[in-house]
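A short write-up of the structure that comes next.
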Amino acid sequence: MTVSARPRPASLPLPGGRPDAVVKVHPLVVADMHAPPHFWDGGNTLLALLKTVVIPRSRWTWLPIPAFLVEHPSAGPILVDTAFHASVASDPAHNLGRAAARMYDIRMQPEQAVPAQILARGVDPADVELVVMTHLHHDHASGIGQFPDATFVVEQREWTAASSGGIMQGYRPQHLDGARNWQTVDLATASPDDGFDHVVDLLGDGSFRLVGTPGHTAGHMSVLLRVADGDLLLTSDAAYARRSIDEHLIPMTITGSQEQYEQSLRQIAAWSGAHPEAPVICGHDPWNLADLERVY
């Protein structure tokens with residue numbers, strides 16, 4: 001497929017930062033998705049995959065599907081991921097494709113989609129000029145088309161993987177057509193910072209850093225934010241849940257490299273240990289829903 005939205009050469013930091021900037025972070029739970037236990041705990045083996053077939057749905061868990069509104073004092077509202085498009089609430093096959101719609105059991109109301117949620121928080125969706133994509137799996141990228149005029153920032157390897165990938169890799173390349181402006185970042189060549197091997201300061205003020213955490217996908221990245229009380233880490237799917245960090249759990253879905261996934265998970269665990277007071281919000285954590293119910 002030819003993707004109409006072509007990424008522009010990276011030019012970072014983006015304008016808008018200032019040295020003393022802190023951001024406000026609003027977690028947005030857009031939907032819940034039903035998943036078997038091995039989704040997060042060692043399910044990347046054939047035996048575990050076979051077990052998911054026989055485990056009754058009554059033992060499955062509803063996982064939150066989040067996105068994040070980040071309010072920067074001078075750069076304005078920035079999104080981290082888009083989660084599901086509003087249309088998934090009524091017609092999942094239209095947005096996700098028939099195969100994915102059959103594969104996943106999703107609970108969602110149209111008003112849970114990101115545009116309605118940020119509007120309720122006083123932010124016009126048309127004012128969102130920047131969206132950072134931790135990766136491009138459909139549960140993070142389905143809603144791209146709701147912000148067609150924004151600039152989307154994605155890791156270079158992730159763009160390549162998603163452009164040519166399909167449902168078996170967790171991608172729907174059609175989602176990329178929903179935006180006109182893409183900007184790629186080569187985190188593989190970025191410098192180390194704060195215990196992570198590869199970090200890019202998005203705005204040049206330290207308030208919004210992109211962290212290379214490949215493994216879950218080839219170009220997966222996490223986000224380090226400076227809020228009023230200190231630092232906050234959004235792991236995205238580099239760690240599905242806090243249990244993943246504490247127990248070093250390897251999930252069912254790794255479309256990148258398991259070796260890289262484990263290295264990224266070790267760095268996240270080390271960072272969390274070095275910053276014990278800092279909130280760490282994981283990708284789909286059903287045991288710590290309170291993390292998604294407050295403003296930071």
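Letters A, B, ... mark the chains of the structure tokens in the order given; residue numbers begin at 1 per chain; ligand numbers begin at 1, in order shown.
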
Write out as a PyMOL selection string the set of residues from stretch 82-277 of chain A that DSSP, computed on the backbone, places in alpha helix (DSSP H). chain A and resi 92-96+98-103+114-120+138-141+156-164+242-247+258-274

Identify, with DSSP run on backbone atoms, the residues in stretch 82-232 of chain A assigned to strand (DSSP E or B), and express the list as an NGL selection string. :A and (106-107 or 130-132 or 151-155 or 181-185 or 191-193 or 196-201 or 208-212 or 221-227 or 230-232)

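The neighbours of stretch 60-69 of chain A here are the residues that come within 7 Å of it, using only C-alpha atoms and leaving out any residue fewer than 4 positions away in the same chain; they are Val25, His26, Pro27, Leu28, Val29, Val30, Ala31, Asp32, Met33, His34, Ala35, Pro36, Pro37, Pro77, Ile78, Leu79, Val80, Asp81, Thr82, Ala83, His284, Asp285 and Pro286 of chain A.
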
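Remark: for A:Ala113, the closest of the candidate residues A:Ala238, A:Ala99, A:Leu136, A:Val88 is A:Val88 (distances computed over only C-alpha atoms).
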
For stretch 254-265 of chain A: contacts at 9 Å, only C-alpha atoms, fewer than 6 positions along chain excluded, given as a PyMOL selection string: chain A and resi 44+168-170+196+212-220+238-239+244-245+248

Just-selected residues, N, CA, C and O atoms written as a PDB file, in the first residue's frame:
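Below is the file that was written, part-v1.pdb:
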```
ATOM      1  N   ASN A  44       4.194 -15.492  25.189  1.00  0.00           N
ATOM      2  CA  ASN A  44       4.814 -15.517  23.864  1.00  0.00           C
ATOM      3  C   ASN A  44       5.390 -16.885  23.514  1.00  0.00           C
ATOM      4  O   ASN A  44       6.228 -17.003  22.639  1.00  0.00           O
ATOM      5  N   MET A 168      -1.389  -9.395  11.530  1.00  0.00           N
ATOM      6  CA  MET A 168      -0.569 -10.324  12.299  1.00  0.00           C
ATOM      7  C   MET A 168       0.541  -9.608  13.063  1.00  0.00           C
ATOM      8  O   MET A 168       1.075 -10.137  14.026  1.00  0.00           O
ATOM      9  N   GLN A 169       0.898  -8.419  12.624  1.00  0.00           N
ATOM     10  CA  GLN A 169       1.890  -7.612  13.346  1.00  0.00           C
ATOM     11  C   GLN A 169       1.212  -6.538  14.201  1.00  0.00           C
ATOM     12  O   GLN A 169       1.902  -5.730  14.840  1.00  0.00           O
ATOM     13  N   GLY A 170      -0.110  -6.501  14.217  1.00  0.00           N
ATOM     14  CA  GLY A 170      -0.840  -5.542  15.039  1.00  0.00           C
ATOM     15  C   GLY A 170      -1.111  -4.217  14.363  1.00  0.00           C
ATOM     16  O   GLY A 170      -1.588  -3.276  15.012  1.00  0.00           O
ATOM     17  N   PHE A 196      18.413   5.806  30.415  1.00  0.00           N
ATOM     18  CA  PHE A 196      17.944   5.184  29.184  1.00  0.00           C
ATOM     19  C   PHE A 196      18.992   5.371  28.083  1.00  0.00           C
ATOM     20  O   PHE A 196      19.671   6.400  28.022  1.00  0.00           O
ATOM     21  N   GLY A 212      13.630   5.726  23.737  1.00  0.00           N
ATOM     22  CA  GLY A 212      13.631   4.516  22.933  1.00  0.00           C
ATOM     23  C   GLY A 212      13.457   3.276  23.796  1.00  0.00           C
ATOM     24  O   GLY A 212      14.312   2.972  24.629  1.00  0.00           O
ATOM     25  N   THR A 213      12.345   2.585  23.611  1.00  0.00           N
ATOM     26  CA  THR A 213      12.083   1.326  24.338  1.00  0.00           C
ATOM     27  C   THR A 213      11.618   0.267  23.333  1.00  0.00           C
ATOM     28  O   THR A 213      10.489  -0.245  23.429  1.00  0.00           O
ATOM     29  N   PRO A 214      12.461  -0.081  22.381  1.00  0.00           N
ATOM     30  CA  PRO A 214      12.050  -1.047  21.360  1.00  0.00           C
ATOM     31  C   PRO A 214      11.892  -2.451  21.933  1.00  0.00           C
ATOM     32  O   PRO A 214      12.383  -2.755  23.014  1.00  0.00           O
ATOM     33  N   GLY A 215      11.228  -3.284  21.171  1.00  0.00           N
ATOM     34  CA  GLY A 215      11.014  -4.673  21.575  1.00  0.00           C
ATOM     35  C   GLY A 215       9.582  -5.074  21.332  1.00  0.00           C
ATOM     36  O   GLY A 215       9.303  -5.976  20.546  1.00  0.00           O
ATOM     37  N   HIS A 216       8.656  -4.399  22.015  1.00  0.00           N
ATOM     38  CA  HIS A 216       7.237  -4.664  21.747  1.00  0.00           C
ATOM     39  C   HIS A 216       6.973  -4.480  20.252  1.00  0.00           C
ATOM     40  O   HIS A 216       6.279  -5.282  19.629  1.00  0.00           O
ATOM     41  N   THR A 217       7.491  -3.411  19.702  1.00  0.00           N
ATOM     42  CA  THR A 217       7.573  -3.208  18.255  1.00  0.00           C
ATOM     43  C   THR A 217       8.983  -2.715  17.949  1.00  0.00           C
ATOM     44  O   THR A 217       9.735  -2.324  18.849  1.00  0.00           O
ATOM     45  N   ALA A 218       9.312  -2.683  16.663  1.00  0.00           N
ATOM     46  CA  ALA A 218      10.681  -2.314  16.272  1.00  0.00           C
ATOM     47  C   ALA A 218      11.043  -0.900  16.668  1.00  0.00           C
ATOM     48  O   ALA A 218      12.202  -0.618  17.003  1.00  0.00           O
ATOM     49  N   GLY A 219      10.067   0.006  16.649  1.00  0.00           N
ATOM     50  CA  GLY A 219      10.363   1.403  16.962  1.00  0.00           C
ATOM     51  C   GLY A 219       9.535   1.939  18.110  1.00  0.00           C
ATOM     52  O   GLY A 219       9.194   3.131  18.128  1.00  0.00           O
ATOM     53  N   HIS A 220       9.224   1.104  19.062  1.00  0.00           N
ATOM     54  CA  HIS A 220       8.423   1.534  20.213  1.00  0.00           C
ATOM     55  C   HIS A 220       9.185   2.571  21.029  1.00  0.00           C
ATOM     56  O   HIS A 220      10.399   2.489  21.217  1.00  0.00           O
ATOM     57  N   ALA A 238       5.795  -0.960  26.389  1.00  0.00           N
ATOM     58  CA  ALA A 238       7.060  -1.517  26.871  1.00  0.00           C
ATOM     59  C   ALA A 238       6.844  -2.230  28.203  1.00  0.00           C
ATOM     60  O   ALA A 238       7.652  -3.068  28.611  1.00  0.00           O
ATOM     61  N   ALA A 239       5.743  -1.909  28.886  1.00  0.00           N
ATOM     62  CA  ALA A 239       5.302  -2.630  30.095  1.00  0.00           C
ATOM     63  C   ALA A 239       3.795  -2.505  30.152  1.00  0.00           C
ATOM     64  O   ALA A 239       3.271  -1.419  30.370  1.00  0.00           O
ATOM     65  N   SER A 244       4.293  -6.142  35.175  1.00  0.00           N
ATOM     66  CA  SER A 244       5.269  -6.464  34.137  1.00  0.00           C
ATOM     67  C   SER A 244       6.660  -5.994  34.536  1.00  0.00           C
ATOM     68  O   SER A 244       7.662  -6.681  34.287  1.00  0.00           O
ATOM     69  N   ILE A 245       6.725  -4.815  35.158  1.00  0.00           N
ATOM     70  CA  ILE A 245       8.011  -4.262  35.600  1.00  0.00           C
ATOM     71  C   ILE A 245       8.517  -5.026  36.813  1.00  0.00           C
ATOM     72  O   ILE A 245       9.672  -5.468  36.847  1.00  0.00           O
ATOM     73  N   HIS A 248       9.031  -8.801  35.830  1.00  0.00           N
ATOM     74  CA  HIS A 248       9.718  -9.000  34.548  1.00  0.00           C
ATOM     75  C   HIS A 248       8.908  -9.958  33.667  1.00  0.00           C
ATOM     76  O   HIS A 248       9.397 -10.992  33.201  1.00  0.00           O
TER      77      HIS A 248
END
```
